[in-house]
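> Structure file coords-v6.txt (compact mmCIF, C-alpha atoms) is given on the next line.
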# COMPACT_ATOMS: atom_id res chain seq x y z
CA MET A 46 0.00 0.00 0.00
CA SER A 47 1.43 3.36 -1.01
CA THR A 48 2.15 5.81 1.80
CA VAL A 49 2.82 8.74 -0.55
CA GLY A 50 0.86 11.80 0.54
CA GLN A 51 -0.38 10.01 3.66
CA VAL A 52 0.38 10.57 7.32
CA ILE A 53 2.61 7.69 8.48
CA LYS A 54 2.36 6.24 11.96
CA CYS A 55 5.68 4.87 13.20
CA ARG A 56 7.92 4.46 16.21
CA ALA A 57 10.13 7.31 17.41
CA ALA A 58 12.34 7.78 20.46
CA VAL A 59 10.93 10.93 22.06
CA ALA A 60 12.77 13.08 24.60
CA TRP A 61 10.01 14.47 26.80
CA GLU A 62 12.34 16.33 29.16
CA ALA A 63 16.02 17.02 29.69
CA GLY A 64 18.20 14.12 30.78
CA LYS A 65 15.33 11.63 31.10
CA PRO A 66 15.49 8.32 29.15
CA LEU A 67 13.98 8.49 25.67
CA SER A 68 10.54 6.94 25.32
CA ILE A 69 9.61 4.79 22.31
CA GLU A 70 6.27 6.21 21.15
CA GLU A 71 3.96 5.86 18.18
CA VAL A 72 4.07 9.21 16.41
CA GLU A 73 2.52 10.61 13.26
CA VAL A 74 4.80 11.87 10.48
CA ALA A 75 3.18 14.25 8.00
CA PRO A 76 3.94 14.11 4.26
CA PRO A 77 6.80 16.26 2.91
CA GLN A 78 5.91 19.78 1.80
CA LYS A 79 7.63 21.97 -0.82
CA GLU A 80 11.40 21.26 -1.10
CA GLU A 81 11.14 18.47 1.51
CA VAL A 82 11.65 14.72 1.46
CA ARG A 83 10.37 12.00 3.78
CA LEU A 84 12.91 9.32 4.63
CA LYS A 85 12.67 5.82 6.01
CA ILE A 86 15.59 5.61 8.44
CA LEU A 87 17.28 2.20 8.51
CA PHE A 88 20.31 2.92 10.71
CA THR A 89 21.16 5.82 12.96
CA SER A 90 24.06 6.53 15.28
CA LEU A 91 24.46 8.44 18.52
CA CYS A 92 26.73 11.50 18.43
CA HIS A 93 27.88 13.49 21.46
CA THR A 94 25.90 16.48 20.14
CA ASP A 95 22.66 14.54 20.66
CA VAL A 96 23.66 13.84 24.26
CA TYR A 97 24.69 17.47 24.87
CA PHE A 98 21.32 18.86 23.77
CA TRP A 99 19.36 16.05 25.42
CA GLU A 100 21.04 17.12 28.66
CA ALA A 101 19.96 20.72 27.80
CA LYS A 102 23.42 22.19 28.40
CA GLY A 103 24.04 25.76 27.31
CA GLN A 104 21.17 26.39 24.91
CA HIS A 105 17.43 26.99 24.82
CA PRO A 106 15.82 23.71 25.90
CA LEU A 107 13.09 22.56 23.54
CA PHE A 108 10.92 19.58 24.44
CA PRO A 109 9.35 17.22 23.48
CA ARG A 110 11.90 16.57 20.77
CA ILE A 111 13.18 13.81 18.51
CA TYR A 112 16.97 13.81 18.43
CA GLY A 113 19.37 12.06 16.06
CA HIS A 114 21.40 13.40 13.13
CA GLU A 115 23.83 10.65 12.00
CA ALA A 116 21.89 8.21 9.86
CA GLY A 117 21.33 6.35 6.65
CA GLY A 118 18.02 5.63 4.97
CA ILE A 119 15.91 5.51 1.84
CA VAL A 120 13.70 8.20 0.30
CA GLU A 121 10.04 7.27 0.87
CA SER A 122 8.43 10.25 -0.86
CA ILE A 123 9.27 13.71 -2.15
CA GLY A 124 7.53 17.06 -1.89
CA GLU A 125 6.79 19.65 -4.53
CA GLY A 126 9.83 21.06 -6.32
CA VAL A 127 12.20 18.21 -5.47
CA THR A 128 13.97 17.13 -8.66
CA ASP A 129 17.29 15.54 -7.72
CA LEU A 130 15.94 12.82 -5.40
CA GLN A 131 13.47 10.03 -6.09
CA PRO A 132 11.72 7.45 -3.89
CA GLY A 133 14.08 4.53 -3.33
CA ASP A 134 17.30 6.59 -3.39
CA HIS A 135 19.82 5.69 -0.69
CA VAL A 136 20.66 8.80 1.30
CA LEU A 137 22.43 10.31 4.30
CA PRO A 138 20.59 13.16 6.07
CA VAL A 139 23.00 15.84 7.30
CA PHE A 140 22.70 18.38 10.15
CA THR A 141 23.80 21.18 7.83
CA GLY A 142 22.98 21.61 4.16
CA GLU A 143 23.71 22.94 0.72
CA CYS A 144 20.97 24.92 -1.01
CA LYS A 145 23.28 25.48 -4.03
CA GLU A 146 21.86 28.99 -4.48
CA CYS A 147 23.35 31.26 -1.78
CA ARG A 148 26.74 33.02 -1.87
CA HIS A 149 28.30 30.40 0.38
CA CYS A 150 27.12 27.51 -1.76
CA LYS A 151 28.33 29.23 -4.93
CA SER A 152 31.74 29.89 -3.37
CA GLU A 153 34.41 27.22 -3.70
CA GLU A 154 35.80 28.36 -0.35
CA SER A 155 32.77 27.88 1.92
CA ASN A 156 30.35 25.19 3.02
CA MET A 157 28.33 27.42 5.36
CA CYS A 158 25.02 27.58 3.49
CA ASP A 159 22.99 30.67 4.38
CA LEU A 160 19.70 28.77 4.29
CA LEU A 161 20.62 25.45 5.89
CA ARG A 162 23.62 25.95 8.13
CA ILE A 163 23.30 24.34 11.54
CA ASN A 164 20.60 25.81 13.78
CA THR A 165 20.25 24.08 17.14
CA ASP A 166 17.35 26.28 18.31
CA ARG A 167 14.97 25.64 15.42
CA GLY A 168 12.51 22.83 16.07
CA THR A 169 10.28 23.21 13.00
CA MET A 170 10.55 23.08 9.21
CA LEU A 171 11.77 26.09 7.23
CA SER A 172 8.91 26.23 4.74
CA ASP A 173 6.05 26.87 7.16
CA GLY A 174 7.49 26.95 10.69
CA LYS A 175 5.57 23.80 11.63
CA SER A 176 6.67 20.36 12.81
CA ARG A 177 6.03 17.26 10.72
CA PHE A 178 5.91 15.14 13.90
CA SER A 179 2.94 14.88 16.23
CA LYS A 180 1.44 12.65 18.89
CA ASP A 181 -2.20 12.86 19.91
CA GLY A 182 -2.49 16.02 17.85
CA LYS A 183 0.33 17.83 19.66
CA PRO A 184 3.58 18.73 17.85
CA ILE A 185 6.94 17.16 18.67
CA TYR A 186 9.94 19.28 17.75
CA HIS A 187 12.61 18.49 15.18
CA PHE A 188 16.37 18.55 15.90
CA LEU A 189 19.00 19.87 13.46
CA GLY A 190 16.54 19.38 10.60
CA THR A 191 17.11 15.62 10.72
CA SER A 192 15.47 13.91 13.77
CA THR A 193 16.71 10.44 12.85
CA PHE A 194 15.62 8.70 16.07
CA SER A 195 12.38 7.96 14.23
CA GLU A 196 11.51 5.26 11.70
CA TYR A 197 10.40 8.03 9.34
CA THR A 198 11.51 11.65 9.27
CA VAL A 199 11.11 14.72 7.06
CA CYS A 200 14.10 16.83 5.95
CA HIS A 201 14.74 19.77 3.65
CA VAL A 202 16.02 18.44 0.33
CA GLY A 203 19.22 20.49 0.72
CA SER A 204 20.16 18.45 3.80
CA VAL A 205 19.81 15.05 2.13
CA VAL A 206 22.73 13.49 0.28
CA LYS A 207 22.21 10.83 -2.38
CA ILE A 208 24.91 8.14 -2.19
CA ASN A 209 25.99 4.96 -3.94
CA PRO A 210 23.24 2.38 -3.26
CA ALA A 211 25.92 -0.33 -2.92
CA ALA A 212 27.37 1.38 0.17
CA PRO A 213 26.35 -0.36 3.42
CA LEU A 214 24.15 2.14 5.27
CA GLU A 215 24.96 0.51 8.62
CA LYS A 216 28.57 1.65 8.12
CA VAL A 217 28.50 4.86 6.09
CA CYS A 218 25.76 6.43 8.24
CA VAL A 219 28.54 7.59 10.62
CA LEU A 220 29.99 9.76 7.83
CA SER A 221 27.07 12.19 8.05
CA CYS A 222 28.55 14.02 11.07
CA GLY A 223 31.55 13.31 13.31
CA ILE A 224 33.81 11.29 11.04
CA CYS A 225 33.70 13.84 8.21
CA THR A 226 34.14 16.68 10.69
CA GLY A 227 37.43 15.31 12.02
CA PHE A 228 38.74 13.68 8.84
CA GLY A 229 38.03 16.79 6.75
CA ALA A 230 39.63 19.09 9.33
CA THR A 231 42.90 17.30 8.68
CA VAL A 232 42.80 16.50 4.95
CA ASN A 233 40.93 19.61 3.74
CA VAL A 234 42.14 22.29 6.16
CA ALA A 235 45.35 21.31 7.99
CA LYS A 236 46.66 19.46 4.90
CA PRO A 237 49.70 17.78 6.51
CA LYS A 238 52.48 16.76 4.16
CA LYS A 239 53.84 13.23 3.91
CA GLY A 240 56.37 12.61 6.67
CA SER A 241 55.16 15.56 8.78
CA SER A 242 54.16 15.75 12.44
CA VAL A 243 50.58 16.29 13.61
CA ALA A 244 49.19 16.78 17.14
CA ILE A 245 45.57 15.79 17.75
CA PHE A 246 43.92 17.34 20.82
CA GLY A 247 41.07 15.13 22.08
CA LEU A 248 40.76 11.46 21.19
CA GLY A 249 36.99 11.09 21.01
CA ALA A 250 35.30 10.14 17.74
CA VAL A 251 36.09 13.46 16.00
CA GLY A 252 39.71 13.45 17.18
CA LEU A 253 40.17 9.86 16.05
CA ALA A 254 38.78 10.83 12.65
CA ALA A 255 41.27 13.71 12.53
CA ALA A 256 44.03 11.20 13.35
CA GLU A 257 42.77 8.94 10.56
CA GLY A 258 43.10 11.93 8.23
CA ALA A 259 46.70 12.39 9.34
CA ARG A 260 47.38 8.68 8.79
CA VAL A 261 45.87 8.72 5.31
CA SER A 262 47.93 11.84 4.52
CA GLY A 263 51.14 10.02 5.39
CA ALA A 264 52.09 11.92 8.55
CA ALA A 265 55.06 10.27 10.28
CA ARG A 266 54.41 11.43 13.85
CA ILE A 267 50.82 11.60 15.08
CA ILE A 268 50.75 12.79 18.67
CA GLY A 269 47.54 12.24 20.62
CA VAL A 270 46.78 14.64 23.49
CA ASP A 271 44.06 13.72 25.97
CA LEU A 272 43.37 14.03 29.70
CA ASN A 273 42.12 10.42 29.69
CA SER A 274 45.00 7.97 29.21
CA ASN A 275 42.49 5.12 28.83
CA ARG A 276 41.88 6.38 25.29
CA PHE A 277 45.47 5.89 24.15
CA GLU A 278 45.41 2.19 23.30
CA GLU A 279 42.33 2.47 21.05
CA ALA A 280 43.86 5.50 19.30
CA LYS A 281 46.73 3.37 18.00
CA LYS A 282 44.26 1.82 15.52
CA PHE A 283 43.85 5.27 13.96
CA GLY A 284 47.54 5.91 13.44
CA VAL A 285 48.35 7.74 16.68
CA ASN A 286 51.89 6.72 17.61
CA GLU A 287 52.82 9.06 20.47
CA PHE A 288 50.79 10.22 23.44
CA VAL A 289 50.73 13.11 25.90
CA ASN A 290 48.48 13.45 28.95
CA PRO A 291 48.76 17.09 30.11
CA LYS A 292 48.12 15.92 33.69
CA ASP A 293 51.43 14.03 33.63
CA HIS A 294 53.45 17.22 33.22
CA ASN A 295 54.07 20.29 35.36
CA LYS A 296 54.39 22.65 32.39
CA PRO A 297 51.97 23.71 29.64
CA VAL A 298 51.38 20.94 27.12
CA GLN A 299 52.44 23.20 24.25
CA GLU A 300 55.91 23.37 25.84
CA VAL A 301 55.98 19.58 26.22
CA ILE A 302 55.14 19.13 22.53
CA ALA A 303 57.66 21.77 21.44
CA GLU A 304 60.40 19.88 23.31
CA MET A 305 59.31 16.56 21.76
CA THR A 306 59.36 17.94 18.21
CA ASP A 307 62.33 20.35 18.10
CA GLY A 308 60.26 23.51 18.24
CA GLY A 309 56.72 22.37 17.50
CA VAL A 310 54.55 20.18 15.27
CA ASP A 311 53.86 20.98 11.63
CA ARG A 312 50.09 20.76 12.11
CA SER A 313 47.65 20.47 15.00
CA VAL A 314 43.92 19.74 15.09
CA GLU A 315 41.89 20.60 18.20
CA CYS A 316 38.76 18.47 18.77
CA THR A 317 37.75 19.14 22.39
CA GLY A 318 35.95 22.49 22.67
CA SER A 319 38.20 23.35 25.62
CA ILE A 320 39.50 26.92 25.25
CA GLN A 321 42.77 25.93 26.91
CA ALA A 322 43.22 23.07 24.43
CA MET A 323 42.57 25.52 21.59
CA ILE A 324 45.29 27.88 22.81
CA SER A 325 47.70 24.96 23.38
CA ALA A 326 46.97 23.57 19.90
CA PHE A 327 47.91 26.92 18.36
CA GLU A 328 50.96 27.55 20.48
CA CYS A 329 52.38 24.04 19.93
CA VAL A 330 52.81 24.43 16.15
CA HIS A 331 56.23 25.33 14.73
CA ASP A 332 56.97 28.93 13.83
CA GLY A 333 57.45 29.67 10.16
CA TRP A 334 55.01 27.08 8.81
CA GLY A 335 52.85 25.61 11.57
CA VAL A 336 49.09 25.45 11.07
CA ALA A 337 46.54 24.84 13.84
CA VAL A 338 42.92 23.97 13.06
CA LEU A 339 40.08 24.41 15.57
CA VAL A 340 37.15 21.98 15.38
CA GLY A 341 35.68 21.87 18.90
CA VAL A 342 32.85 24.21 19.91
CA PRO A 343 33.77 26.44 22.87
CA ASN A 344 31.52 27.76 25.62
CA LYS A 345 29.81 30.99 24.65
CA ASP A 346 31.79 33.13 27.14
CA ASP A 347 35.24 31.76 26.23
CA ALA A 348 37.96 34.07 24.90
CA PHE A 349 40.99 32.93 22.89
CA ILE A 350 44.05 34.64 24.38
CA THR A 351 47.52 34.36 22.86
CA HIS A 352 50.33 36.81 22.17
CA PRO A 353 50.19 38.43 18.71
CA VAL A 354 53.86 37.57 18.24
CA ASN A 355 52.74 33.96 17.77
CA PHE A 356 51.07 35.11 14.54
CA LEU A 357 53.91 37.41 13.51
CA ASN A 358 56.24 34.42 13.77
CA GLU A 359 54.23 32.85 10.96
CA ARG A 360 51.99 30.45 12.76
CA THR A 361 48.54 30.09 11.19
CA LEU A 362 45.25 29.54 13.02
CA LYS A 363 42.22 28.23 11.13
CA GLY A 364 38.73 27.13 11.99
CA THR A 365 36.55 24.61 10.23
CA PHE A 366 32.92 23.56 10.09
CA TYR A 367 32.02 20.00 9.07
CA GLY A 368 35.55 19.43 7.80
CA ASN A 369 34.96 22.02 5.04
CA TYR A 370 32.82 19.47 3.16
CA LYS A 371 29.86 20.72 1.11
CA PRO A 372 27.33 17.99 2.01
CA ARG A 373 25.62 17.30 -1.33
CA SER A 374 28.67 17.99 -3.48
CA ASP A 375 31.38 16.28 -1.43
CA LEU A 376 29.87 13.58 0.77
CA PRO A 377 29.21 11.10 -2.07
CA GLY A 378 32.95 11.20 -2.78
CA VAL A 379 33.79 10.42 0.85
CA VAL A 380 31.46 7.40 0.64
CA GLU A 381 33.38 6.32 -2.47
CA MET A 382 36.64 6.62 -0.51
CA TYR A 383 35.19 4.07 1.91
CA MET A 384 34.04 1.83 -0.93
CA ASN A 385 37.54 1.98 -2.46
CA LYS A 386 39.12 1.10 0.93
CA GLU A 387 40.91 4.47 1.08
CA LEU A 388 39.07 5.39 4.31
CA GLU A 389 38.45 2.97 7.16
CA VAL A 390 35.09 3.46 8.84
CA ASP A 391 34.39 0.12 10.52
CA LYS A 392 36.86 0.72 13.36
CA PHE A 393 34.85 3.74 14.54
CA ILE A 394 31.82 1.50 15.16
CA THR A 395 32.27 -0.16 18.55
CA HIS A 396 28.69 -1.12 19.43
CA SER A 397 25.29 -1.86 17.91
CA VAL A 398 21.86 -1.97 19.58
CA PRO A 399 18.25 -2.40 18.36
CA PHE A 400 16.05 0.70 18.32
CA SER A 401 14.07 -0.53 21.33
CA GLU A 402 17.29 -0.31 23.39
CA ILE A 403 18.34 3.16 22.24
CA ASN A 404 18.89 4.32 25.82
CA GLU A 405 21.71 1.79 26.10
CA ALA A 406 23.54 3.75 23.39
CA PHE A 407 23.36 6.83 25.65
CA ASP A 408 24.70 4.81 28.59
CA LEU A 409 27.62 3.52 26.48
CA MET A 410 28.56 7.03 25.37
CA LEU A 411 28.15 8.62 28.81
CA SER A 412 30.39 5.94 30.35
CA GLY A 413 33.04 6.45 27.66
CA GLN A 414 32.74 2.91 26.30
CA SER A 415 31.65 3.67 22.74
CA ILE A 416 33.14 5.65 19.87
CA ARG A 417 30.06 5.14 17.73
CA CYS A 418 27.05 2.95 18.53
CA ILE A 419 24.84 2.00 15.59
CA ILE A 420 21.10 1.87 16.32
CA ARG A 421 19.26 -0.62 14.10
CA MET A 422 15.75 0.70 13.38
CA GLU A 423 14.36 -2.76 12.62
CA ASP A 424 14.68 -4.72 15.88
Since I need it in another form, could you write the structure as structure tokens?


Amino acid sequence: MSTVGQVIKCRAAVAWEAGKPLSIEEVEVAPPQKEEVRLKILFTSLCHTDVYFWEAKGQHPLFPRIYGHEAGGIVESIGEGVTDLQPGDHVLPVFTGECKECRHCKSEESNMCDLLRINTDRGTMLSDGKSRFSKDGKPIYHFLGTSTFSEYTVCHVGSVVKINPAAPLEKVCVLSCGICTGFGATVNVAKPKKGSSVAIFGLGAVGLAAAEGARVSGAARIIGVDLNSNRFEEAKKFGVNEFVNPKDHNKPVQEVIAEMTDGGVDRSVECTGSIQAMISAFECVHDGWGVAVLVGVPNKDDAFITHPVNFLNERTLKGTFYGNYKPRSDLPGVVEMYMNKELEVDKFITHSVPFSEINEAFDLMLSGQSIRCIIRMED
């Protein structure tokens, strides 16, 4: 029976209030409107950003809400005006987007779409300011324009990436957020040369992806910096071959790294969001050619303080968003890198749970046991 144009009833994991376990509910998902697509989600993954907003830290809490933004699925139906996707296409929904019309999308130098760039406060669709989710006639808010903790979801077409249908969705779904963010920060922004040295600050999923980028680039020394030494053994799988725990030293970590590397590393990538780590990542690169790239999101009141001489001595500081990838233009190519065995994704996936046990994925992440936990929508 065709569901096109119909309201679909399906299961979704609803967050009714901050920090409380998600509740599997039957919700109604409205048909896609203009420039929208409705997706059947097959696999989704838990990212730390979901946990952060579920805990309602540092932003405007919005509940009830359906979280989730790393996922893979199939187009179920398309709304008016959608021409480059068809029902049955294999896709990755992405928390940002590419409208292909704004100045950012038309620039080769930017991926920060004016229309679809990340907006954590918005809980409704762009076209009409309404939610496509409801229960008992009451709306449930969207998250990051994706809301993948639902068997069906509705997204703006500009946030949906068509990929090779041969790619296993249970693997490549993790490329739609954290892996591309870290990997792209290294290969697209830091651009380490073969044989160079790279320091990675923070060895969570994004930092490990940044390390993988350094490994693929042929860096000789990949130095992992983390306050949790328990992360060091796992990081070896991603090419990290030296380790520094700042707590083990009685001097700033940038000085420790400078001593290890005869004046500083060639490149550094910061993936923590800690303002002190950001400053250390900049100050630990070599003068004359060193480049530091910031990935982590700081607290809103943080200030980056360093002496201007660090810039005058020809150190470069850069920032990046989503690894500088344009979602619709670039993500299919990253999937092909995986298919061609140029990028290893499987080692990021440490756990898998059925949708009915989604709260276990939160427990695994909060206890530091998982890098990425895949949630199978069909139990």

> Looking at A:Gly124, A:Val340, A:Ser401, A:Asp408, which one is nearest to Lys65 in chain A, with distances taken over only C-alpha atoms?

A:Asp408

> If you count all atoms listed in the file, which residues fall within 10 Å of Thr191 in chain A, apart from same-chain ones fewer than 6 positions away, as a PyMOL selection string?

chain A and resi 84+111-116+137-141+198-201+204-205

> Quick one, how far is CA of Ser397 in chain A from CA of Arg421 in chain A?

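Computed distance, CA of Ser397 in chain A to CA of Arg421 in chain A, equals 7.2 Å.
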
> Calculated over only C-alpha atoms, which of the candidates A:Ala244, A:Val219, A:Leu107, A:Leu171 has the smallest distance to Pro184 in chain A?

A:Leu107

> Find, counting only C-alpha atoms, the residue in A:Glu154, A:Asp173, A:Glu62, A:Asp95 that gets nearest to Glu81 in chain A.

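Distance minimum relative to Glu81 in chain A lands on A:Asp173.
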
> Using all atoms listed in the file, can you tell me which of A:Ala230, A:Cys150, A:Val338, A:Cys316 comes closest to Gly269 in chain A?

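Closest to Gly269 in chain A, using all atoms listed in the file: A:Cys316.
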
> Can you spit out range 309-327 of chain A with N, CA and C atoms, as a short mmCIF file (atom, residue, chain, number, x, y, z; two decimals), in the first residue's frame, from the structure just given?


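The resulting file, part-v4.cif, is shown below:
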data_model
loop_
_atom_site.label_atom_id
_atom_site.label_comp_id
_atom_site.auth_asym_id
_atom_site.auth_seq_id
_atom_site.Cartn_x
_atom_site.Cartn_y
_atom_site.Cartn_z
N GLY A 309 58.16 22.39 17.73
CA GLY A 309 56.72 22.37 17.50
C GLY A 309 56.33 21.45 16.36
N VAL A 310 55.06 21.05 16.34
CA VAL A 310 54.55 20.18 15.27
C VAL A 310 54.26 21.00 14.01
N ASP A 311 54.18 20.31 12.90
CA ASP A 311 53.86 20.98 11.63
C ASP A 311 52.39 21.37 11.57
N ARG A 312 51.54 20.50 12.13
CA ARG A 312 50.09 20.76 12.11
C ARG A 312 49.50 20.31 13.44
N SER A 313 48.42 20.97 13.86
CA SER A 313 47.65 20.47 15.00
C SER A 313 46.17 20.62 14.69
N VAL A 314 45.37 19.70 15.26
CA VAL A 314 43.92 19.74 15.09
C VAL A 314 43.30 19.60 16.47
N GLU A 315 42.49 20.58 16.86
CA GLU A 315 41.89 20.60 18.20
C GLU A 315 40.44 20.15 18.11
N CYS A 316 40.09 19.09 18.87
CA CYS A 316 38.76 18.47 18.77
C CYS A 316 38.10 18.32 20.14
N THR A 317 38.29 19.28 21.03
CA THR A 317 37.75 19.14 22.39
C THR A 317 36.69 20.18 22.74
N GLY A 318 36.83 21.40 22.24
CA GLY A 318 35.95 22.49 22.67
C GLY A 318 36.48 23.20 23.90
N SER A 319 37.57 22.70 24.48
CA SER A 319 38.20 23.35 25.62
C SER A 319 39.02 24.54 25.14
N ILE A 320 38.77 25.73 25.70
CA ILE A 320 39.50 26.92 25.25
C ILE A 320 40.99 26.77 25.53
N GLN A 321 41.36 26.12 26.62
CA GLN A 321 42.77 25.93 26.91
C GLN A 321 43.43 25.00 25.88
N ALA A 322 42.69 23.96 25.47
CA ALA A 322 43.22 23.07 24.43
C ALA A 322 43.39 23.82 23.12
N MET A 323 42.47 24.74 22.82
CA MET A 323 42.57 25.52 21.59
C MET A 323 43.84 26.37 21.59
N ILE A 324 44.09 27.03 22.70
CA ILE A 324 45.29 27.88 22.81
C ILE A 324 46.55 27.01 22.72
N SER A 325 46.54 25.87 23.41
CA SER A 325 47.70 24.96 23.38
C SER A 325 47.93 24.43 21.97
N ALA A 326 46.85 24.11 21.26
CA ALA A 326 46.97 23.57 19.90
C ALA A 326 47.62 24.60 18.98
N PHE A 327 47.29 25.87 19.18
CA PHE A 327 47.91 26.92 18.36
C PHE A 327 49.36 27.13 18.75
#
